[in-house]
Amino acid sequence: MKLTLNIWRQTDANDAGAMHTYQVDDVSPDMSFLEMLDVLNEDLNAKDEEPIAFDSDCREGICGMCSLMINGEPHGPEVTTTCQLHMRSFKDGDTITIEPWRASAFPVLKDLCVDRSAFDRIIQAGGYISVNTGSAPEAHSVPVPRDDAMRAFNVATCIGCGACVAACPNGSASLFMGAKITHLGELPQGQPERDSRVTNMVAQHDHEGFGGCTNIGECAAACPKEIPLDVISQLNKDLRTAIKHGH
Amino acid sequence: MTDMPDTTLTPDPSHVAEGHPSSDDAAGYYTPGTPLTDTKAPGGPIADRWQTRKFEARLVNPANRRKLDVIIVGTGLAGASAAATMGEAGYNVKSFCYQDSPRRAHSIAAQGGINAAKNYKEDGDSAHRLFYDTVKGGDYRSRESNVYRLAEVSVNIIDQCVAQGVPFAREYGGLLDNRSFGGVQVSRTFYARGQTGQQLLIGAYQALERQVAAGTVETFTRHEMLELIVVDDGDGPRARGIIVRDMVTGEIETHLADVVVLASGGYGNVFFLSTNAMGCNVTAAWRAHRKGAYMANPCYTQIHPTCIPVTGSHQSKLTLMSESLRNDGRIWVPKKKEDCDKDPRSIAEEDRDYFLERIYPSFGNLVPRDIASRAAKYMCDEGRGVGPEVDGVRRGVYLDFQDAIARLGKEGVEEKYDNLLDMYERITGENPYEVPMRIYPAVHYVMGGLWVDYDLQSTIPGLFVTGEANFSDHGANRLGASALMQGLADGYFVLPHTIRDYLADAPFEKIPEDHPAVVEAKQAVTERIEHFLTVNGTRSVDSYHRELGNIMWEYCGMERTEDGLKKAIDLIRSLKDDFYRNVKVLGTADSLNQSLEKAGRVADFFELGELMCIDALNRRESCGGHFRAESQTEDGEALRHDDQFAYVAAWEFAGEKPVLHKEELTYTAIEMKQRSYK
């Protein structure tokens, strides 16, 4: 099929940037979205035009490195990552608009690449269980109810891609943060630091310039890993409890 | 100015041995070198060696640790776990990765699980059995003392990960669940649905970020190591730092330290198409190799049997379907060629050939990966493959879940494999609950890597190598769920102990940034970058990479022959020459430039690919993932020649004609046998 692509180009963080239009022919429905961009980049290279910079790594939907707003939706029209989106989701003759994540806490580095290091700093603020190597007790010493373990796992599948932030009109990272709070809070090992974890992570989140949550729900709808919205309720509940405990 | 590969280097005469053995396919392609031995593993009973080594390795006083600088390249399981642990111990750690966050390293994509000899199922497992299975699975080409240690510390890994909050699968009683994996007959694999690598890596990543907050670890993301700094100030060479490129600004930075650890992963992307991430590369390891670190068994490649088949030439990577699917899925092809294009559901049971169950009745679908892969290839070579024809052959076999759905119900299958089956449907557009999946082998893992001793130290003092980047534990074939085990064993429990014996002599003399070794390394990097940007040729980096990958897959893939390998070496050499003269890299050095990043990686893949072929040519035997057509039994099984090839081939860089050093493999705790899974 033939497609028209409107793509954001920006040479570096200081450049104003602009949309550019490209045509691609011979797109196969079995291509992934990023393979379609690979083909475009080969064409551009042949025409002495610098290829479009975009992030990707594993290309199997798990590393969280790929991004892209596709026609205004993070990761495009399907519930998956951009690297797992295939061209069979589009039709011959379509026009597709491709932009980087838009959030002030995720500055654009070049073209479609953004800086998501704010997520790492939120984890540094408390997204862990403090246990030094070698000091762990025998794994079976603390049984974990299966349902708790399942819920912890289901929200631990967050890949840290940032789609939730890109989808949110407030640019909030509450879904990302709530997923980690819920993952560690569901497990007995996560209890000792439960209060400090949530207060420190929320403080860092606000410091990074992410917006507040106003229960819109776009984040959960955009999440390629289907992290449920109730992790934000859990986040708020844990925060209230922590404040009550004097944190 | 040019950085054409140096072919004028001559080997150090003290490393060169006399003549070639009489029947050596690779004669003329290399120079025989002096033997190599591991001097670090203590003697005595195998079960006591690690305790002995931990006791004998000298200690570093906690007050001195904060004066010592440690560089760790790579943030996968082996790198992140080492950085976290070294930080906790109080060293100054600098951690580097090319991705935008340490959490993205490719360990994250491992699906099936992690082995540990916990014997929670009381099915006869033990450290000794895990050791035995791993040596046997590796076709008796690994170093036994290293493997025993791996099995021994495996139990600690599970404890550590559970304490970190890794949400492993659990039974109704709240205890950990296990499953069995290919090549073994016990259930020792711990898992988190089909995302075990992700959960383990997030655990290690969180431990790492905790140390960043504590001020012991500094992370450098979007930084790529492009050169190793080796300094010889009179007491012999030592690795003392690295040159990296800031991939956003293009700045070339020097980082100096007392010790350097490479945890930079494997080089499967030399094949272009593999299950590796797009950015996985050999550059960090290869630059170290060019500076004196020997590369061991580079030809040992694991071709994983259960990947989604290739569909066309646009493809950028191949996707693995976890081997755990073989626990419940049954692999088959039609008995008759004329059935190959039929709807598989219309093919009667008696017309299906469950070939693994037929040929290997005792292990069935759970034979090791190398055996399952070759069997699938033979079925397709015979013309009984399924799926679309690519270049005139159908390259696919069925992996069928109908029996499992009948036995466990659709919900039962979903619970175990849901995300994998979803991923399959996403990629192929076919529903595996209704139509059997199609799979075909793809390059997945490399057992070869930089040579290390028992301490995980390379032939360059002060350069340690962990995880997939080293060669030591998997021999010629890796068993499923053992890569995660090795990465975390190395990083959490082995390296932090062995590295202290080296660091007991530190801090070493401070190196000024204008030291000749630093200046030379930095200049080499700058010139190389400059070269790529000024060639101004006609072909893209990717087009060269794809062509190199085709050569490797055709001649150095699942089946290798003397003629094919010699042909491959010629083809690689001429393609490499063309690359340096005709590659086209646009953009600038001082900005984010993905073509430039790739150009450097592909340049190193050329040199590696050539060495892989020479190594494969030298090893005229079949073992594990290395199958030489000249060495097989009457019924087509791999045939080892322990009298001639029970050695690790450790290659020293010397330009076009590398030097081969052999480390003889001896087994005291296990008897070498011809593998049989029948």
# chains A, B, ... in the order shown; residues from 1 in each chain; ligands from 1
call {"tool": "interface_residues", "arguments": {"of": "chain A", "to": "chain B", "cutoff": "6 Å", "atoms": "only C-alpha atoms", "output": "MDAnalysis selection string"}}
result
chainID A and resid 50 57:58 63 124 128:129 133 136 138:139 143:146 149 153
call {"tool": "select_by_dssp", "arguments": {"residues": "region 61-185 of chain A", "states": "strand (DSSP E)", "output": "ChimeraX atom specification"}}
result
/A:69-70,73-74,95-99,108-110,113-114
call {"tool": "residues_around", "arguments": {"residues": "Trp101 (chain A)", "least_positions_apart": "4", "cutoff": "7 Å", "atoms": "only C-alpha atoms", "output": "list in words"}}
result
Ser67, Leu68, Met69, Val114 and Ala166 of chain A
call {"tool": "closest_atom_pairs", "arguments": {"of": "region 93-180 of chain A", "to": "region 223-227 of chain A", "cutoff": "10 Å", "atoms": "only C-alpha atoms", "output": "Markdown table"}}
result
| residue | atom | partner | partner_atom | distance |
| --- | --- | --- | --- | --- |
| A:Asn154 | CA | A:Ile227 | CA | 7.4 |
| A:Val155 | CA | A:Ile227 | CA | 5.8 |
| A:Ala156 | CA | A:Ile227 | CA | 8.7 |
| A:Thr157 | CA | A:Lys225 | CA | 6.7 |
| A:Cys158 | CA | A:Lys225 | CA | 6.3 |
| A:Ile159 | CA | A:Lys225 | CA | 7.6 |
| A:Gly160 | CA | A:Cys223 | CA | 10.0 |
| A:Cys161 | CA | A:Pro224 | CA | 8.9 |
| A:Gly162 | CA | A:Cys223 | CA | 8.7 |
| A:Ala163 | CA | A:Cys223 | CA | 6.1 |
| A:Cys164 | CA | A:Cys223 | CA | 6.0 |
| A:Val165 | CA | A:Cys223 | CA | 9.7 |
| A:Ala167 | CA | A:Cys223 | CA | 8.9 |
| A:Leu175 | CA | A:Ile227 | CA | 7.6 |
| A:Phe176 | CA | A:Ile227 | CA | 8.6 |
| A:Gly178 | CA | A:Ile227 | CA | 9.4 |
| A:Ala179 | CA | A:Ile227 | CA | 7.1 |
call {"tool": "closest_residue", "arguments": {"among": "A:Cys83, A:Lys91, A:Arg9, A:Met177", "to": "Leu229 (chain A)", "atoms": "only C-alpha atoms"}}
result
A:Met177
call {"tool": "select_by_dssp", "arguments": {"residues": "region 112-246 of chain A", "states": "alpha helix (DSSP H)", "output": "compact mmCIF listing (two decimals) with C-alpha atoms, in the first residue's frame"}}
result
# COMPACT_ATOMS: atom_id res chain seq x y z
CA SER A 117 15.22 9.94 32.48
CA ALA A 118 12.68 11.51 34.86
CA PHE A 119 11.22 8.00 35.22
CA ASP A 120 14.56 6.68 36.46
CA ARG A 121 14.69 9.47 39.04
CA ILE A 122 11.20 8.59 40.29
CA ILE A 123 12.38 5.01 40.84
CA GLN A 124 15.50 6.31 42.60
CA ARG A 146 -1.36 -16.37 45.03
CA ASP A 147 -3.85 -13.61 44.27
CA ASP A 148 -1.55 -10.98 45.78
CA ALA A 149 1.36 -12.33 43.77
CA MET A 150 -0.78 -12.24 40.61
CA ARG A 151 -1.86 -8.64 41.18
CA ALA A 152 1.73 -7.64 41.89
CA PHE A 153 2.82 -9.34 38.69
CA ASN A 154 0.05 -7.84 36.57
CA VAL A 155 1.06 -4.28 37.44
CA ALA A 156 4.79 -5.07 37.45
CA ALA A 163 2.63 6.38 26.90
CA CYS A 164 0.55 7.20 30.00
CA VAL A 165 2.23 10.58 30.31
CA ALA A 166 1.91 11.30 26.59
CA ALA A 167 -1.80 10.45 26.68
CA SER A 174 0.47 8.74 38.04
CA LEU A 175 -0.20 5.46 36.23
CA PHE A 176 3.53 4.70 35.99
CA MET A 177 3.99 5.56 39.64
CA GLY A 178 0.85 3.77 40.78
CA ALA A 179 1.96 0.59 39.02
CA LYS A 180 5.20 0.51 41.01
CA ILE A 181 3.49 1.46 44.30
CA THR A 182 0.95 -1.32 43.78
CA HIS A 183 3.52 -3.91 42.67
CA LEU A 184 5.70 -3.47 45.75
CA GLY A 185 2.79 -2.73 48.10
CA ARG A 194 5.50 1.42 52.02
CA ASP A 195 4.90 4.88 53.51
CA SER A 196 8.23 6.44 52.63
CA ARG A 197 8.11 4.96 49.15
CA VAL A 198 4.89 6.65 48.14
CA THR A 199 5.70 10.04 49.67
CA ASN A 200 9.17 10.20 48.14
CA MET A 201 8.08 9.04 44.71
CA VAL A 202 5.21 11.52 44.58
CA ALA A 203 7.52 14.36 45.65
CA GLN A 204 9.98 13.45 42.89
CA HIS A 205 7.17 13.13 40.34
CA ASP A 206 5.99 16.65 41.11
CA HIS A 207 9.54 17.99 41.13
CA GLU A 218 -6.56 8.35 29.06
CA CYS A 219 -3.42 6.83 30.60
CA ALA A 220 -4.95 3.41 31.19
CA ALA A 221 -6.63 3.48 27.78
CA ALA A 222 -3.26 4.17 26.12
CA ASP A 230 -7.13 1.44 39.88
CA VAL A 231 -3.38 1.57 40.57
CA ILE A 232 -3.87 5.32 40.86
CA SER A 233 -6.55 4.76 43.52
CA GLN A 234 -4.04 2.53 45.28
CA LEU A 235 -1.43 5.28 44.99
CA ASN A 236 -3.79 7.83 46.51
CA LYS A 237 -4.84 5.45 49.25
CA ASP A 238 -1.23 4.67 50.14
CA LEU A 239 -0.41 8.38 50.13
CA ARG A 240 -3.29 9.18 52.49
CA THR A 241 -2.20 6.39 54.83
CA ALA A 242 1.40 7.61 54.75
CA ILE A 243 0.32 11.16 55.57
CA LYS A 244 -1.83 9.84 58.42
call {"tool": "residues_around", "arguments": {"residues": "Glu18 (chain B)", "least_positions_apart": "6", "cutoff": "9 Å", "atoms": "only C-alpha atoms", "output": "VMD selection string"}}
result
chain B and resid 31 to 34
call {"tool": "write_last_selection", "arguments": {"atoms": "C-alpha atoms", "output": "PDB file, in the first residue's frame"}}
result
ATOM      1  CA  THR B  31      48.942 -18.966  13.781  1.00  0.00           C
ATOM      2  CA  PRO B  32      49.139 -21.688  16.458  1.00  0.00           C
ATOM      3  CA  GLY B  33      49.824 -20.208  19.888  1.00  0.00           C
ATOM      4  CA  THR B  34      51.016 -21.358  23.273  1.00  0.00           C
TER       5      THR B  34
END
call {"tool": "atom_distance", "arguments": {"atom1": "CA of Val79 (chain A)", "atom2": "CA of His20 (chain A)"}}
result
26.7 Å
call {"tool": "residues_around", "arguments": {"residues": "Val147 (chain B)", "least_positions_apart": "6", "cutoff": "12 Å", "atoms": "only C-alpha atoms", "output": "JSON, numbers by chain"}}
result
{"B": [41, 46, 47, 49, 50, 127, 128, 129, 130, 131, 132, 133, 134, 135, 136, 137, 138, 140, 141, 153, 154, 454, 471, 472, 473, 474, 475, 478, 482, 485, 486, 489, 490, 494, 667, 669, 670]}
call {"tool": "write_last_selection", "arguments": {"atoms": "N, CA and C atoms", "output": "JSON list (two decimals), in the first residue's frame"}}
result
[["chain", "number", "residue", "atom", "x", "y", "z"],
["B", 41, "ALA", "N", 41.10, -21.26, 39.51],
["B", 41, "ALA", "CA", 40.24, -22.23, 40.20],
["B", 41, "ALA", "C", 41.09, -23.06, 41.15],
["B", 46, "ILE", "N", 35.32, -30.74, 43.70],
["B", 46, "ILE", "CA", 34.67, -29.67, 42.96],
["B", 46, "ILE", "C", 33.68, -28.89, 43.82],
["B", 47, "ALA", "N", 33.04, -29.58, 44.76],
["B", 47, "ALA", "CA", 32.03, -28.92, 45.59],
["B", 47, "ALA", "C", 32.64, -27.93, 46.58],
["B", 49, "ARG", "N", 35.42, -25.97, 45.78],
["B", 49, "ARG", "CA", 36.31, -24.99, 45.14],
["B", 49, "ARG", "C", 35.87, -23.55, 45.33],
["B", 50, "TRP", "N", 34.58, -23.31, 45.23],
["B", 50, "TRP", "CA", 34.11, -21.92, 45.33],
["B", 50, "TRP", "C", 34.32, -21.38, 46.74],
["B", 127, "ALA", "N", 22.48, -29.34, 43.38],
["B", 127, "ALA", "CA", 23.49, -28.54, 42.68],
["B", 127, "ALA", "C", 24.27, -29.45, 41.73],
["B", 128, "HIS", "N", 24.54, -30.67, 42.19],
["B", 128, "HIS", "CA", 25.32, -31.56, 41.34],
["B", 128, "HIS", "C", 24.55, -31.93, 40.07],
["B", 129, "ARG", "N", 23.24, -32.14, 40.20],
["B", 129, "ARG", "CA", 22.47, -32.49, 39.00],
["B", 129, "ARG", "C", 22.37, -31.31, 38.03],
["B", 130, "LEU", "N", 22.20, -30.12, 38.56],
["B", 130, "LEU", "CA", 22.17, -28.93, 37.68],
["B", 130, "LEU", "C", 23.52, -28.76, 36.98],
["B", 131, "PHE", "N", 24.57, -28.98, 37.73],
["B", 131, "PHE", "CA", 25.92, -28.96, 37.16],
["B", 131, "PHE", "C", 26.04, -29.99, 36.04],
["B", 132, "TYR", "N", 25.62, -31.22, 36.35],
["B", 132, "TYR", "CA", 25.71, -32.31, 35.38],
["B", 132, "TYR", "C", 24.91, -31.98, 34.11],
["B", 133, "ASP", "N", 23.67, -31.54, 34.31],
["B", 133, "ASP", "CA", 22.81, -31.23, 33.15],
["B", 133, "ASP", "C", 23.44, -30.12, 32.30],
["B", 134, "THR", "N", 24.04, -29.13, 32.95],
["B", 134, "THR", "CA", 24.59, -27.99, 32.21],
["B", 134, "THR", "C", 25.83, -28.38, 31.42],
["B", 135, "VAL", "N", 26.69, -29.21, 32.03],
["B", 135, "VAL", "CA", 27.88, -29.66, 31.30],
["B", 135, "VAL", "C", 27.48, -30.57, 30.14],
["B", 136, "LYS", "N", 26.54, -31.47, 30.41],
["B", 136, "LYS", "CA", 26.09, -32.37, 29.35],
["B", 136, "LYS", "C", 25.38, -31.57, 28.25],
["B", 137, "GLY", "N", 24.48, -30.68, 28.66],
["B", 137, "GLY", "CA", 23.76, -29.85, 27.68],
["B", 137, "GLY", "C", 24.74, -29.05, 26.83],
["B", 138, "GLY", "N", 25.83, -28.62, 27.43],
["B", 138, "GLY", "CA", 26.86, -27.86, 26.71],
["B", 138, "GLY", "C", 27.79, -28.74, 25.91],
["B", 140, "TYR", "N", 29.92, -30.99, 26.77],
["B", 140, "TYR", "CA", 31.27, -31.18, 27.33],
["B", 140, "TYR", "C", 32.31, -30.24, 26.72],
["B", 141, "ARG", "N", 31.90, -29.00, 26.59],
["B", 141, "ARG", "CA", 32.85, -28.01, 26.08],
["B", 141, "ARG", "C", 32.90, -26.78, 27.00],
["B", 153, "VAL", "N", 25.53, -21.43, 43.27],
["B", 153, "VAL", "CA", 24.97, -20.15, 43.71],
["B", 153, "VAL", "C", 23.55, -19.92, 43.18],
["B", 154, "SER", "N", 23.08, -20.83, 42.31],
["B", 154, "SER", "CA", 21.76, -20.61, 41.71],
["B", 154, "SER", "C", 20.68, -20.44, 42.78],
["B", 454, "TYR", "N", 38.64, -18.40, 36.16],
["B", 454, "TYR", "CA", 37.65, -18.70, 37.19],
["B", 454, "TYR", "C", 37.18, -17.43, 37.90],
["B", 471, "PHE", "N", 32.59, -16.44, 27.98],
["B", 471, "PHE", "CA", 32.39, -17.71, 27.27],
["B", 471, "PHE", "C", 32.14, -18.89, 28.22],
["B", 472, "SER", "N", 32.21, -18.70, 29.53],
["B", 472, "SER", "CA", 32.66, -19.82, 30.34],
["B", 472, "SER", "C", 31.69, -20.94, 30.67],
["B", 473, "ASP", "N", 30.40, -20.66, 30.79],
["B", 473, "ASP", "CA", 29.56, -21.65, 31.49],
["B", 473, "ASP", "C", 28.72, -22.57, 30.61],
["B", 474, "HIS", "N", 28.52, -22.22, 29.37],
["B", 474, "HIS", "CA", 27.53, -22.98, 28.60],
["B", 474, "HIS", "C", 28.13, -23.90, 27.55],
["B", 475, "GLY", "N", 29.44, -23.95, 27.47],
["B", 475, "GLY", "CA", 30.06, -24.84, 26.52],
["B", 475, "GLY", "C", 29.61, -24.56, 25.11],
["B", 478, "ARG", "N", 23.71, -23.80, 25.20],
["B", 478, "ARG", "CA", 23.17, -23.38, 26.49],
["B", 478, "ARG", "C", 21.79, -23.99, 26.71],
["B", 482, "SER", "N", 18.99, -20.86, 31.54],
["B", 482, "SER", "CA", 20.31, -20.79, 32.16],
["B", 482, "SER", "C", 21.01, -19.45, 31.92],
["B", 485, "MET", "N", 20.12, -17.24, 34.83],
["B", 485, "MET", "CA", 20.87, -17.75, 35.98],
["B", 485, "MET", "C", 22.32, -17.29, 35.93],
["B", 486, "GLN", "N", 22.95, -17.42, 34.77],
["B", 486, "GLN", "CA", 24.36, -17.04, 34.70],
["B", 486, "GLN", "C", 24.57, -15.54, 34.87],
["B", 489, "ALA", "N", 24.07, -14.81, 38.52],
["B", 489, "ALA", "CA", 25.11, -15.45, 39.34],
["B", 489, "ALA", "C", 26.39, -14.63, 39.24],
["B", 490, "ASP", "N", 26.78, -14.30, 38.02],
["B", 490, "ASP", "CA", 28.01, -13.52, 37.82],
["B", 490, "ASP", "C", 27.93, -12.18, 38.55],
["B", 494, "VAL", "N", 29.26, -13.82, 42.07],
["B", 494, "VAL", "CA", 30.61, -14.26, 41.72],
["B", 494, "VAL", "C", 31.57, -13.07, 41.62],
["B", 667, "TYR", "N", 37.79, -33.10, 32.85],
["B", 667, "TYR", "CA", 36.65, -33.29, 33.74],
["B", 667, "TYR", "C", 37.01, -34.28, 34.82],
["B", 669, "ALA", "N", 34.83, -34.42, 37.76],
["B", 669, "ALA", "CA", 33.61, -34.73, 38.51],
["B", 669, "ALA", "C", 32.52, -35.31, 37.61],
["B", 670, "ILE", "N", 32.84, -35.51, 36.37],
["B", 670, "ILE", "CA", 31.82, -35.94, 35.41],
["B", 670, "ILE", "C", 32.55, -36.67, 34.30]]
call {"tool": "closest_residue", "arguments": {"among": "B:Ala568, B:Ile551, B:Ile252, B:Leu533", "to": "Val583 (chain B)", "atoms": "only C-alpha atoms"}}
result
B:Leu533
call {"tool": "residues_around", "arguments": {"residues": "Asn618 (chain B)", "least_positions_apart": "6", "cutoff": "7 Å", "atoms": "only C-alpha atoms", "output": "short mmCIF file (atom, residue, chain, number, x, y, z; two decimals) with C-alpha atoms, in the first residue's frame"}}
result
data_model
loop_
_atom_site.label_atom_id
_atom_site.label_comp_id
_atom_site.auth_asym_id
_atom_site.auth_seq_id
_atom_site.Cartn_x
_atom_site.Cartn_y
_atom_site.Cartn_z
CA ASP B 24 43.64 -28.78 10.16
CA ASP B 25 40.98 -27.23 7.93
CA ALA B 26 41.95 -23.78 9.15
#
call {"tool": "residues_around", "arguments": {"residues": "Glu664 (chain B)", "least_positions_apart": "5", "cutoff": "12 Å", "atoms": "only C-alpha atoms", "output": "short mmCIF file (atom, residue, chain, number, x, y, z; two decimals) with C-alpha atoms, in the first residue's frame"}}
result
data_model
loop_
_atom_site.label_atom_id
_atom_site.label_comp_id
_atom_site.auth_asym_id
_atom_site.auth_seq_id
_atom_site.Cartn_x
_atom_site.Cartn_y
_atom_site.Cartn_z
CA THR B 34 51.02 -21.36 23.27
CA PRO B 35 48.55 -23.22 25.54
CA LEU B 36 46.40 -21.31 27.98
CA THR B 37 45.31 -22.38 31.45
CA ASP B 38 43.00 -21.11 34.13
CA TYR B 140 31.27 -31.18 27.33
CA ARG B 141 32.85 -28.01 26.08
CA SER B 142 32.53 -25.83 29.21
CA ARG B 143 34.87 -25.49 32.14
CA GLU B 144 33.62 -27.72 34.94
CA ASP B 642 37.21 -35.46 22.25
CA ASP B 643 40.67 -36.76 21.37
CA GLN B 644 41.28 -33.73 19.15
CA PHE B 645 38.93 -30.96 20.22
CA ALA B 646 38.36 -31.08 23.98
CA TYR B 647 39.69 -27.56 24.25
CA VAL B 648 38.52 -23.98 24.47
CA ALA B 649 39.72 -22.10 21.40
CA ALA B 650 40.94 -18.73 22.69
#
call {"tool": "atom_distance", "arguments": {"atom1": "CA of Glu42 (chain A)", "atom2": "CA of Leu575 (chain B)"}}
result
19.2 Å
